[in-house]
Amino acid sequence: MSDEIKFRDDMSVELVKSSASDADVIWAARVSTAGDKSLEDVGADATKSEGLINYLARERHGSPFEHTSMTFFVSAPIFVFREFMRHRIASYNEESGRYRELKPVFYIPSKDRKLVQIGKAGAYTFVDGTAEQFDITVAAIKETCNLAYANYQKMLVAGVAREVARAVLPVTLYSSMYVTMNARALMNFLSLRTAREGSHFPSYPQREIEMVAEKMEEHFAKLMPITYGAFQKSGRIAP
């Protein structure tokens with residue numbers, strides 16, 4: 001094998017670049033009443049207009065929040081990305097198994113990952129599994145990933161194209177992608193992919209995508225603290 005197989009239980013999120021501040025919301029909103037005079041608000045002190053931002057979030061006047069941009073580099077299992085791409089409010093570019101040999105890095109749940117589902121779809125909760133269930137889960141995933149990657153390498157050595165050989169790899173394989181969102185889209189994503197007390201509409205995300213969302217939320221809160229506060233006050237509903 002070209003690389004030693006590795007197993008991870010974490011997610012990586014890096015803020016690559018951004019053009020996002022609370023001031024961006026202000027000039028975008030004020031053009032509706034001030035026209036070209038709104039240019040005076042570009043780069044203005046946003047703390048003086050906190051009430052306006054809260055009003056926009058509360059009344060769900062969302063378009064001013066779209067005049068921002070945040071690009072993240074995310075490393076997570078493929079099954080997380082498949083959930084990500086249900087959100088058609090972002091731009092994505094993902095690592096390609098057609099053009100590069102995929103690295104043997106796979107996801108296994110940590111010991112604090114709840115393993116047992118109680119209830120039916122639409123009305124269920126997750127609870128901790130037993131030590132035996134955890135051991136069975138980890139052993140099964142590792143066995144599958146080791147065999148899958150060995151067969152992947154076997155096909156590559158035999159000259160099989162990467163785009164064909166990758167068919168044996170499981171969705172627990174880590175991939176990487178750039179994802180770019182504006183603040184309105186990110187708030188929509190966070191409202192659905194995090195579970196928080198005080199949310200007007202409770203959400204029940206899969207834990208692994210929530211782990212990614214939590215890291216993205218940390219960056220958002222630092223970049224746009226007033227907007228983030230308004231998001232919280234409005235019950236974590238995207239404007």
# chains A, B, ... in the order shown; residues from 1 in each chain; ligands from 1
>>> closest_atom_pairs(of="segment 32-90 of chain A", to="segment 184-189 of chain A", cutoff="9 Å", atoms="only C-alpha atoms", output="CSV")
residue,atom,partner,partner_atom,distance
A:Gly62,CA,A:Arg184,CA,6.6
A:Ser63,CA,A:Arg184,CA,7.6
A:Pro64,CA,A:Arg184,CA,8.4
A:Phe65,CA,A:Arg184,CA,5.2
A:Glu66,CA,A:Arg184,CA,5.5
A:His67,CA,A:Arg184,CA,8.9
A:Thr68,CA,A:Arg184,CA,8.6
A:Met70,CA,A:Leu186,CA,8.8
A:Phe84,CA,A:Phe189,CA,8.8
A:His87,CA,A:Phe189,CA,7.2
A:Ile89,CA,A:Ala185,CA,5.8
A:Ala90,CA,A:Ala185,CA,7.2
>>> residues_around(residues="segment 35-52 of chain A", least_positions_apart="3", cutoff="10 Å", atoms="only C-alpha atoms", output="ChimeraX atom specification")
/A:21-32,55-58,224-227,229-230
>>> atom_distance(atom1="atom CA of Lys17 of chain A", atom2="atom CA of Tyr228 of chain A")
18.3 Å
>>> atom_distance(atom1="atom CA of Pro77 of chain A", atom2="atom CA of Arg113 of chain A")
15.2 Å
>>> closest_residue(among="A:Tyr124, A:Phe106, A:Phe7, A:Tyr178", to="Phe73 of chain A", atoms="only C-alpha atoms")
A:Tyr178
>>> residues_around(residues="Ala167 of chain A", least_positions_apart="5", cutoff="10 Å", atoms="only C-alpha atoms", output="tab-separated table (two decimals) with N, CA and C atoms, in the first residue's frame")
chain	number	residue	atom	x	y	z
A	97	GLY	N	-11.79	11.68	-7.03
A	97	GLY	CA	-11.20	10.35	-7.10
A	97	GLY	C	-10.91	9.90	-8.52
A	148	ALA	N	-11.43	-2.83	1.85
A	148	ALA	CA	-11.78	-1.99	0.71
A	148	ALA	C	-10.55	-1.29	0.14
A	152	TYR	N	-8.76	-1.59	-3.48
A	152	TYR	CA	-8.54	-0.38	-4.27
A	152	TYR	C	-7.11	-0.35	-4.79
A	162	ARG	N	-8.39	5.04	-11.93
A	162	ARG	CA	-8.79	5.48	-10.60
A	162	ARG	C	-10.30	5.64	-10.48
>>> residues_around(residues="Pro202 of chain A", least_positions_apart="3", cutoff="10 Å", atoms="only C-alpha atoms", output="MDAnalysis selection string")
chainID A and resid 191:192 194:199 205 235:236
>>> write_last_selection(atoms="N, CA and C atoms", output="PDB file, in the first residue's frame")
ATOM      1  N   SER A 191     -29.322  26.583  10.872  1.00  0.00           N
ATOM      2  CA  SER A 191     -30.632  26.350  11.487  1.00  0.00           C
ATOM      3  C   SER A 191     -31.075  24.896  11.327  1.00  0.00           C
ATOM      4  N   LEU A 192     -30.615  24.269  10.247  1.00  0.00           N
ATOM      5  CA  LEU A 192     -31.010  22.884   9.961  1.00  0.00           C
ATOM      6  C   LEU A 192     -30.008  21.853  10.453  1.00  0.00           C
ATOM      7  N   THR A 194     -27.756  22.108  13.113  1.00  0.00           N
ATOM      8  CA  THR A 194     -27.365  22.133  14.522  1.00  0.00           C
ATOM      9  C   THR A 194     -28.617  21.990  15.378  1.00  0.00           C
ATOM     10  N   ALA A 195     -28.457  21.369  16.507  1.00  0.00           N
ATOM     11  CA  ALA A 195     -29.557  21.238  17.464  1.00  0.00           C
ATOM     12  C   ALA A 195     -29.273  22.165  18.632  1.00  0.00           C
ATOM     13  N   ARG A 196     -30.116  23.168  18.834  1.00  0.00           N
ATOM     14  CA  ARG A 196     -29.896  24.160  19.880  1.00  0.00           C
ATOM     15  C   ARG A 196     -31.191  24.445  20.638  1.00  0.00           C
ATOM     16  N   GLU A 197     -31.082  24.558  21.938  1.00  0.00           N
ATOM     17  CA  GLU A 197     -32.229  25.005  22.732  1.00  0.00           C
ATOM     18  C   GLU A 197     -32.548  26.445  22.355  1.00  0.00           C
ATOM     19  N   GLY A 198     -33.817  26.762  22.307  1.00  0.00           N
ATOM     20  CA  GLY A 198     -34.223  28.109  21.948  1.00  0.00           C
ATOM     21  C   GLY A 198     -34.492  28.302  20.476  1.00  0.00           C
ATOM     22  N   SER A 199     -34.225  27.292  19.655  1.00  0.00           N
ATOM     23  CA  SER A 199     -34.544  27.392  18.225  1.00  0.00           C
ATOM     24  C   SER A 199     -36.050  27.334  18.047  1.00  0.00           C
ATOM     25  N   PRO A 205     -30.156  17.033  13.372  1.00  0.00           N
ATOM     26  CA  PRO A 205     -29.137  16.694  12.380  1.00  0.00           C
ATOM     27  C   PRO A 205     -28.353  15.446  12.748  1.00  0.00           C
ATOM     28  N   GLY A 235     -34.356  33.266  17.140  1.00  0.00           N
ATOM     29  CA  GLY A 235     -34.683  31.842  17.244  1.00  0.00           C
ATOM     30  C   GLY A 235     -33.956  30.970  16.243  1.00  0.00           C
ATOM     31  N   ARG A 236     -32.815  31.457  15.761  1.00  0.00           N
ATOM     32  CA  ARG A 236     -31.991  30.712  14.802  1.00  0.00           C
ATOM     33  C   ARG A 236     -32.770  30.366  13.528  1.00  0.00           C
TER      34      ARG A 236
END
>>> residues_around(residues="Glu217 of chain A", least_positions_apart="2", cutoff="9 Å", atoms="only C-alpha atoms", output="list in words")
Leu186, Met187, Leu190, Val212, Ala213, Glu214, Lys215, His219, Phe220, Ala221, Lys222 and Tyr228 of chain A
>>> write_last_selection(atoms="N, CA and C atoms", output="PDB file, in the first residue's frame")
ATOM      1  N   LEU A 186     -25.640  30.599   5.088  1.00  0.00           N
ATOM      2  CA  LEU A 186     -25.018  29.933   6.227  1.00  0.00           C
ATOM      3  C   LEU A 186     -25.972  29.845   7.406  1.00  0.00           C
ATOM      4  N   MET A 187     -26.733  30.900   7.641  1.00  0.00           N
ATOM      5  CA  MET A 187     -27.722  30.842   8.723  1.00  0.00           C
ATOM      6  C   MET A 187     -28.780  29.780   8.450  1.00  0.00           C
ATOM      7  N   LEU A 190     -27.068  26.476   9.254  1.00  0.00           N
ATOM      8  CA  LEU A 190     -26.920  26.271  10.690  1.00  0.00           C
ATOM      9  C   LEU A 190     -28.257  25.969  11.366  1.00  0.00           C
ATOM     10  N   VAL A 212     -19.333  19.544  11.761  1.00  0.00           N
ATOM     11  CA  VAL A 212     -18.822  20.506  10.776  1.00  0.00           C
ATOM     12  C   VAL A 212     -19.516  21.854  10.955  1.00  0.00           C
ATOM     13  N   ALA A 213     -20.829  21.830  11.097  1.00  0.00           N
ATOM     14  CA  ALA A 213     -21.599  23.072  11.239  1.00  0.00           C
ATOM     15  C   ALA A 213     -21.153  23.874  12.459  1.00  0.00           C
ATOM     16  N   GLU A 214     -20.834  23.194  13.546  1.00  0.00           N
ATOM     17  CA  GLU A 214     -20.402  23.893  14.759  1.00  0.00           C
ATOM     18  C   GLU A 214     -19.112  24.678  14.518  1.00  0.00           C
ATOM     19  N   LYS A 215     -18.198  24.107  13.768  1.00  0.00           N
ATOM     20  CA  LYS A 215     -16.935  24.790  13.472  1.00  0.00           C
ATOM     21  C   LYS A 215     -17.163  25.976  12.529  1.00  0.00           C
ATOM     22  N   HIS A 219     -16.605  30.419  13.193  1.00  0.00           N
ATOM     23  CA  HIS A 219     -16.030  31.424  12.301  1.00  0.00           C
ATOM     24  C   HIS A 219     -17.034  32.541  12.018  1.00  0.00           C
ATOM     25  N   PHE A 220     -18.271  32.167  11.771  1.00  0.00           N
ATOM     26  CA  PHE A 220     -19.328  33.134  11.481  1.00  0.00           C
ATOM     27  C   PHE A 220     -19.520  34.102  12.643  1.00  0.00           C
ATOM     28  N   ALA A 221     -19.529  33.572  13.863  1.00  0.00           N
ATOM     29  CA  ALA A 221     -19.740  34.403  15.048  1.00  0.00           C
ATOM     30  C   ALA A 221     -18.627  35.440  15.216  1.00  0.00           C
ATOM     31  N   LYS A 222     -17.408  35.086  14.817  1.00  0.00           N
ATOM     32  CA  LYS A 222     -16.286  36.024  14.927  1.00  0.00           C
ATOM     33  C   LYS A 222     -16.315  37.071  13.808  1.00  0.00           C
ATOM     34  N   TYR A 228     -24.689  37.561  13.906  1.00  0.00           N
ATOM     35  CA  TYR A 228     -24.804  36.279  14.620  1.00  0.00           C
ATOM     36  C   TYR A 228     -25.714  36.432  15.842  1.00  0.00           C
TER      37      TYR A 228
END
>>> residues_around(residues="Lys103 of chain A", least_positions_apart="5", cutoff="9 Å", atoms="only C-alpha atoms", output="list of chain:residue names")
A:Ser2, A:Asp3, A:Glu4, A:Ile5, A:Leu173, A:Tyr174, A:Ser175
>>> select_by_dssp(residues="segment 54-150 of chain A", states="helix (DSSP H, G or I)", output="PyMOL selection string")
chain A and resi 54-58+63-66+78-84+131-150
>>> atom_distance(atom1="atom CA of Leu15 of chain A", atom2="atom CA of Phe81 of chain A")
17.1 Å
>>> select_by_dssp(residues="segment 165-215 of chain A", states="strand (DSSP E)", output="list in words")
Tyr174, Ser175, Ser176, Met177, Tyr178, Val179, Thr180 and Met181 of chain A
>>> write_last_selection(atoms="all heavy atoms", output="short mmCIF file (atom, residue, chain, number, x, y, z; two decimals), in the first residue's frame")
data_model
loop_
_atom_site.label_atom_id
_atom_site.label_comp_id
_atom_site.auth_asym_id
_atom_site.auth_seq_id
_atom_site.Cartn_x
_atom_site.Cartn_y
_atom_site.Cartn_z
N TYR A 174 -12.55 9.87 4.09
CA TYR A 174 -12.49 11.32 4.16
C TYR A 174 -12.25 11.91 2.77
O TYR A 174 -11.46 11.39 1.98
CB TYR A 174 -11.36 11.79 5.08
CG TYR A 174 -11.77 11.88 6.53
CD1 TYR A 174 -11.94 10.72 7.29
CD2 TYR A 174 -12.02 13.10 7.14
CE1 TYR A 174 -12.33 10.79 8.62
CE2 TYR A 174 -12.41 13.18 8.47
CZ TYR A 174 -12.57 12.03 9.21
OH TYR A 174 -12.96 12.10 10.52
N SER A 175 -12.93 13.01 2.51
CA SER A 175 -12.72 13.79 1.31
C SER A 175 -12.50 15.24 1.74
O SER A 175 -12.56 15.56 2.94
CB SER A 175 -13.93 13.68 0.37
OG SER A 175 -13.67 14.32 -0.87
N SER A 176 -12.23 16.10 0.79
CA SER A 176 -12.05 17.52 1.12
C SER A 176 -12.73 18.36 0.07
O SER A 176 -12.84 17.96 -1.10
CB SER A 176 -10.57 17.88 1.21
OG SER A 176 -9.89 17.59 0.00
N MET A 177 -13.21 19.54 0.48
CA MET A 177 -13.86 20.41 -0.47
C MET A 177 -13.80 21.86 0.01
O MET A 177 -13.62 22.14 1.19
CB MET A 177 -15.32 20.00 -0.69
CG MET A 177 -16.26 20.33 0.44
SD MET A 177 -17.99 20.06 -0.03
CE MET A 177 -18.81 20.45 1.52
N TYR A 178 -13.96 22.74 -0.96
CA TYR A 178 -14.21 24.15 -0.67
C TYR A 178 -15.72 24.36 -0.74
O TYR A 178 -16.38 23.87 -1.65
CB TYR A 178 -13.52 25.05 -1.68
CG TYR A 178 -12.01 25.07 -1.58
CD1 TYR A 178 -11.23 24.40 -2.51
CD2 TYR A 178 -11.38 25.77 -0.55
CE1 TYR A 178 -9.84 24.42 -2.41
CE2 TYR A 178 -10.01 25.79 -0.45
CZ TYR A 178 -9.24 25.11 -1.38
OH TYR A 178 -7.87 25.12 -1.28
N VAL A 179 -16.23 25.10 0.21
CA VAL A 179 -17.64 25.47 0.18
C VAL A 179 -17.74 26.97 0.45
O VAL A 179 -17.14 27.48 1.39
CB VAL A 179 -18.47 24.66 1.21
CG1 VAL A 179 -17.89 24.77 2.61
CG2 VAL A 179 -19.93 25.11 1.22
N THR A 180 -18.46 27.66 -0.42
CA THR A 180 -18.62 29.11 -0.30
C THR A 180 -20.09 29.44 -0.11
O THR A 180 -20.94 28.98 -0.88
CB THR A 180 -18.08 29.83 -1.55
OG1 THR A 180 -16.70 29.52 -1.71
CG2 THR A 180 -18.25 31.33 -1.43
N MET A 181 -20.37 30.22 0.93
CA MET A 181 -21.74 30.61 1.25
C MET A 181 -21.78 32.09 1.62
O MET A 181 -20.80 32.63 2.11
CB MET A 181 -22.27 29.83 2.46
CG MET A 181 -22.53 28.36 2.27
SD MET A 181 -23.21 27.69 3.82
CE MET A 181 -23.53 26.00 3.32
#
>>> closest_residue(among="A:Ser12, A:Ser18, A:Ser91, A:Thr172", to="Asn146 of chain A", atoms="only C-alpha atoms")
A:Thr172
>>> residues_around(residues="Glu163 of chain A", least_positions_apart="3", cutoff="12 Å", atoms="only C-alpha atoms", output="PDB file with all heavy atoms, in the first residue's frame")
ATOM      1  N   SER A  96     -11.311  15.020  -6.203  1.00  0.00           N
ATOM      2  CA  SER A  96     -11.807  14.075  -7.202  1.00  0.00           C
ATOM      3  C   SER A  96     -11.041  12.758  -7.177  1.00  0.00           C
ATOM      4  O   SER A  96      -9.816  12.737  -7.309  1.00  0.00           O
ATOM      5  CB  SER A  96     -11.704  14.678  -8.608  1.00  0.00           C
ATOM      6  OG  SER A  96     -12.058  13.715  -9.576  1.00  0.00           O
ATOM      7  N   GLY A  97     -11.792  11.680  -7.027  1.00  0.00           N
ATOM      8  CA  GLY A  97     -11.203  10.348  -7.096  1.00  0.00           C
ATOM      9  C   GLY A  97     -10.913   9.898  -8.516  1.00  0.00           C
ATOM     10  O   GLY A  97     -10.330   8.833  -8.724  1.00  0.00           O
ATOM     11  N   ARG A  98     -11.293  10.709  -9.491  1.00  0.00           N
ATOM     12  CA  ARG A  98     -10.944  10.402 -10.889  1.00  0.00           C
ATOM     13  C   ARG A  98      -9.530  10.839 -11.211  1.00  0.00           C
ATOM     14  O   ARG A  98      -8.865  10.247 -12.052  1.00  0.00           O
ATOM     15  CB  ARG A  98     -11.913  11.112 -11.844  1.00  0.00           C
ATOM     16  CG  ARG A  98     -13.356  10.668 -11.750  1.00  0.00           C
ATOM     17  CD  ARG A  98     -14.182  11.358 -12.826  1.00  0.00           C
ATOM     18  NE  ARG A  98     -13.814  10.908 -14.160  1.00  0.00           N
ATOM     19  CZ  ARG A  98     -14.213  11.506 -15.283  1.00  0.00           C
ATOM     20  NH1 ARG A  98     -14.972  12.599 -15.214  1.00  0.00           N
ATOM     21  NH2 ARG A  98     -13.850  11.026 -16.451  1.00  0.00           N
ATOM     22  N   TYR A  99      -9.097  11.915 -10.548  1.00  0.00           N
ATOM     23  CA  TYR A  99      -7.851  12.561 -10.949  1.00  0.00           C
ATOM     24  C   TYR A  99      -6.705  12.388  -9.959  1.00  0.00           C
ATOM     25  O   TYR A  99      -5.572  12.755 -10.270  1.00  0.00           O
ATOM     26  CB  TYR A  99      -8.102  14.054 -11.185  1.00  0.00           C
ATOM     27  CG  TYR A  99      -9.193  14.290 -12.202  1.00  0.00           C
ATOM     28  CD1 TYR A  99     -10.331  15.024 -11.871  1.00  0.00           C
ATOM     29  CD2 TYR A  99      -9.112  13.760 -13.483  1.00  0.00           C
ATOM     30  CE1 TYR A  99     -11.344  15.232 -12.803  1.00  0.00           C
ATOM     31  CE2 TYR A  99     -10.115  13.961 -14.416  1.00  0.00           C
ATOM     32  CZ  TYR A  99     -11.223  14.698 -14.070  1.00  0.00           C
ATOM     33  OH  TYR A  99     -12.230  14.901 -14.979  1.00  0.00           O
ATOM     34  N   ARG A 100      -6.988  11.874  -8.778  1.00  0.00           N
ATOM     35  CA  ARG A 100      -5.901  11.636  -7.827  1.00  0.00           C
ATOM     36  C   ARG A 100      -6.175  10.362  -7.044  1.00  0.00           C
ATOM     37  O   ARG A 100      -7.350   9.955  -6.885  1.00  0.00           O
ATOM     38  CB  ARG A 100      -5.731  12.824  -6.866  1.00  0.00           C
ATOM     39  CG  ARG A 100      -6.832  12.962  -5.845  1.00  0.00           C
ATOM     40  CD  ARG A 100      -6.678  14.238  -5.016  1.00  0.00           C
ATOM     41  NE  ARG A 100      -5.386  14.309  -4.346  1.00  0.00           N
ATOM     42  CZ  ARG A 100      -5.206  14.046  -3.045  1.00  0.00           C
ATOM     43  NH1 ARG A 100      -6.230  13.685  -2.295  1.00  0.00           N
ATOM     44  NH2 ARG A 100      -4.007  14.163  -2.507  1.00  0.00           N
ATOM     45  N   GLU A 101      -5.120   9.737  -6.591  1.00  0.00           N
ATOM     46  CA  GLU A 101      -5.258   8.553  -5.761  1.00  0.00           C
ATOM     47  C   GLU A 101      -5.746   8.989  -4.382  1.00  0.00           C
ATOM     48  O   GLU A 101      -5.174   9.871  -3.755  1.00  0.00           O
ATOM     49  CB  GLU A 101      -3.919   7.828  -5.644  1.00  0.00           C
ATOM     50  CG  GLU A 101      -3.987   6.555  -4.811  1.00  0.00           C
ATOM     51  CD  GLU A 101      -2.644   5.827  -4.740  1.00  0.00           C
ATOM     52  OE1 GLU A 101      -1.849   5.959  -5.707  1.00  0.00           O
ATOM     53  OE2 GLU A 101      -2.401   5.140  -3.729  1.00  0.00           O
ATOM     54  N   LEU A 102      -6.820   8.382  -3.922  1.00  0.00           N
ATOM     55  CA  LEU A 102      -7.427   8.780  -2.665  1.00  0.00           C
ATOM     56  C   LEU A 102      -6.650   8.224  -1.482  1.00  0.00           C
ATOM     57  O   LEU A 102      -6.215   7.069  -1.492  1.00  0.00           O
ATOM     58  CB  LEU A 102      -8.884   8.308  -2.620  1.00  0.00           C
ATOM     59  CG  LEU A 102      -9.767   8.914  -3.717  1.00  0.00           C
ATOM     60  CD1 LEU A 102     -11.129   8.241  -3.744  1.00  0.00           C
ATOM     61  CD2 LEU A 102      -9.916  10.423  -3.525  1.00  0.00           C
ATOM     62  N   TYR A 152      -8.765  -1.590  -3.482  1.00  0.00           N
ATOM     63  CA  TYR A 152      -8.545  -0.376  -4.270  1.00  0.00           C
ATOM     64  C   TYR A 152      -7.113  -0.354  -4.786  1.00  0.00           C
ATOM     65  O   TYR A 152      -6.859  -0.140  -5.985  1.00  0.00           O
ATOM     66  CB  TYR A 152      -8.832   0.832  -3.379  1.00  0.00           C
ATOM     67  CG  TYR A 152      -8.548   2.192  -3.980  1.00  0.00           C
ATOM     68  CD1 TYR A 152      -9.272   2.695  -5.050  1.00  0.00           C
ATOM     69  CD2 TYR A 152      -7.560   3.016  -3.412  1.00  0.00           C
ATOM     70  CE1 TYR A 152      -9.028   3.964  -5.567  1.00  0.00           C
ATOM     71  CE2 TYR A 152      -7.312   4.285  -3.917  1.00  0.00           C
ATOM     72  CZ  TYR A 152      -8.045   4.755  -4.992  1.00  0.00           C
ATOM     73  OH  TYR A 152      -7.806   6.014  -5.494  1.00  0.00           O
ATOM     74  N   MET A 155      -6.413  -2.971  -7.572  1.00  0.00           N
ATOM     75  CA  MET A 155      -6.865  -2.568  -8.897  1.00  0.00           C
ATOM     76  C   MET A 155      -5.944  -1.514  -9.508  1.00  0.00           C
ATOM     77  O   MET A 155      -5.630  -1.566 -10.698  1.00  0.00           O
ATOM     78  CB  MET A 155      -8.308  -2.054  -8.830  1.00  0.00           C
ATOM     79  CG  MET A 155      -9.339  -3.168  -8.674  1.00  0.00           C
ATOM     80  SD  MET A 155     -11.042  -2.588  -8.839  1.00  0.00           S
ATOM     81  CE  MET A 155     -11.310  -1.912  -7.211  1.00  0.00           C
ATOM     82  N   LEU A 156      -5.490  -0.576  -8.683  1.00  0.00           N
ATOM     83  CA  LEU A 156      -4.579   0.454  -9.204  1.00  0.00           C
ATOM     84  C   LEU A 156      -3.271  -0.171  -9.692  1.00  0.00           C
ATOM     85  O   LEU A 156      -2.760   0.187 -10.769  1.00  0.00           O
ATOM     86  CB  LEU A 156      -4.290   1.500  -8.123  1.00  0.00           C
ATOM     87  CG  LEU A 156      -5.450   2.393  -7.688  1.00  0.00           C
ATOM     88  CD1 LEU A 156      -4.979   3.384  -6.618  1.00  0.00           C
ATOM     89  CD2 LEU A 156      -6.075   3.147  -8.856  1.00  0.00           C
ATOM     90  N   GLY A 159      -3.415  -1.603 -13.011  1.00  0.00           N
ATOM     91  CA  GLY A 159      -3.602  -0.680 -14.111  1.00  0.00           C
ATOM     92  C   GLY A 159      -5.024  -0.223 -14.325  1.00  0.00           C
ATOM     93  O   GLY A 159      -5.326   0.427 -15.337  1.00  0.00           O
ATOM     94  N   VAL A 160      -5.916  -0.526 -13.386  1.00  0.00           N
ATOM     95  CA  VAL A 160      -7.313  -0.098 -13.505  1.00  0.00           C
ATOM     96  C   VAL A 160      -7.403   1.405 -13.226  1.00  0.00           C
ATOM     97  O   VAL A 160      -6.726   1.928 -12.345  1.00  0.00           O
ATOM     98  CB  VAL A 160      -8.204  -0.890 -12.520  1.00  0.00           C
ATOM     99  CG1 VAL A 160      -9.643  -0.386 -12.561  1.00  0.00           C
ATOM    100  CG2 VAL A 160      -8.140  -2.380 -12.831  1.00  0.00           C
ATOM    101  N   ARG A 166     -12.121   3.328  -7.500  1.00  0.00           N
ATOM    102  CA  ARG A 166     -12.719   3.983  -6.329  1.00  0.00           C
ATOM    103  C   ARG A 166     -14.085   3.416  -5.960  1.00  0.00           C
ATOM    104  O   ARG A 166     -14.597   3.669  -4.872  1.00  0.00           O
ATOM    105  CB  ARG A 166     -12.839   5.483  -6.561  1.00  0.00           C
ATOM    106  CG  ARG A 166     -13.815   5.856  -7.670  1.00  0.00           C
ATOM    107  CD  ARG A 166     -13.959   7.350  -7.827  1.00  0.00           C
ATOM    108  NE  ARG A 166     -14.778   7.714  -8.971  1.00  0.00           N
ATOM    109  CZ  ARG A 166     -15.181   8.945  -9.233  1.00  0.00           C
ATOM    110  NH1 ARG A 166     -14.838   9.933  -8.441  1.00  0.00           N
ATOM    111  NH2 ARG A 166     -15.917   9.199 -10.307  1.00  0.00           N
ATOM    112  N   ALA A 167     -14.670   2.644  -6.858  1.00  0.00           N
ATOM    113  CA  ALA A 167     -16.010   2.102  -6.611  1.00  0.00           C
ATOM    114  C   ALA A 167     -16.060   1.192  -5.388  1.00  0.00           C
ATOM    115  O   ALA A 167     -17.137   0.978  -4.819  1.00  0.00           O
ATOM    116  CB  ALA A 167     -16.505   1.344  -7.847  1.00  0.00           C
ATOM    117  N   VAL A 168     -14.920   0.667  -4.960  1.00  0.00           N
ATOM    118  CA  VAL A 168     -14.927  -0.237  -3.804  1.00  0.00           C
ATOM    119  C   VAL A 168     -14.831   0.502  -2.478  1.00  0.00           C
ATOM    120  O   VAL A 168     -14.987  -0.088  -1.414  1.00  0.00           O
ATOM    121  CB  VAL A 168     -13.768  -1.264  -3.877  1.00  0.00           C
ATOM    122  CG1 VAL A 168     -13.886  -2.122  -5.115  1.00  0.00           C
ATOM    123  CG2 VAL A 168     -12.413  -0.574  -3.814  1.00  0.00           C
ATOM    124  N   LEU A 169     -14.574   1.796  -2.511  1.00  0.00           N
ATOM    125  CA  LEU A 169     -14.326   2.529  -1.271  1.00  0.00           C
ATOM    126  C   LEU A 169     -15.637   2.950  -0.591  1.00  0.00           C
ATOM    127  O   LEU A 169     -16.577   3.373  -1.253  1.00  0.00           O
ATOM    128  CB  LEU A 169     -13.475   3.763  -1.564  1.00  0.00           C
ATOM    129  CG  LEU A 169     -12.062   3.456  -2.078  1.00  0.00           C
ATOM    130  CD1 LEU A 169     -11.367   4.748  -2.513  1.00  0.00           C
ATOM    131  CD2 LEU A 169     -11.239   2.738  -1.012  1.00  0.00           C
TER     132      LEU A 169
END
>>> closest_residue(among="A:Val74, A:Ala121, A:Leu223, A:Met216", to="Glu94 of chain A", atoms="only C-alpha atoms")
A:Val74
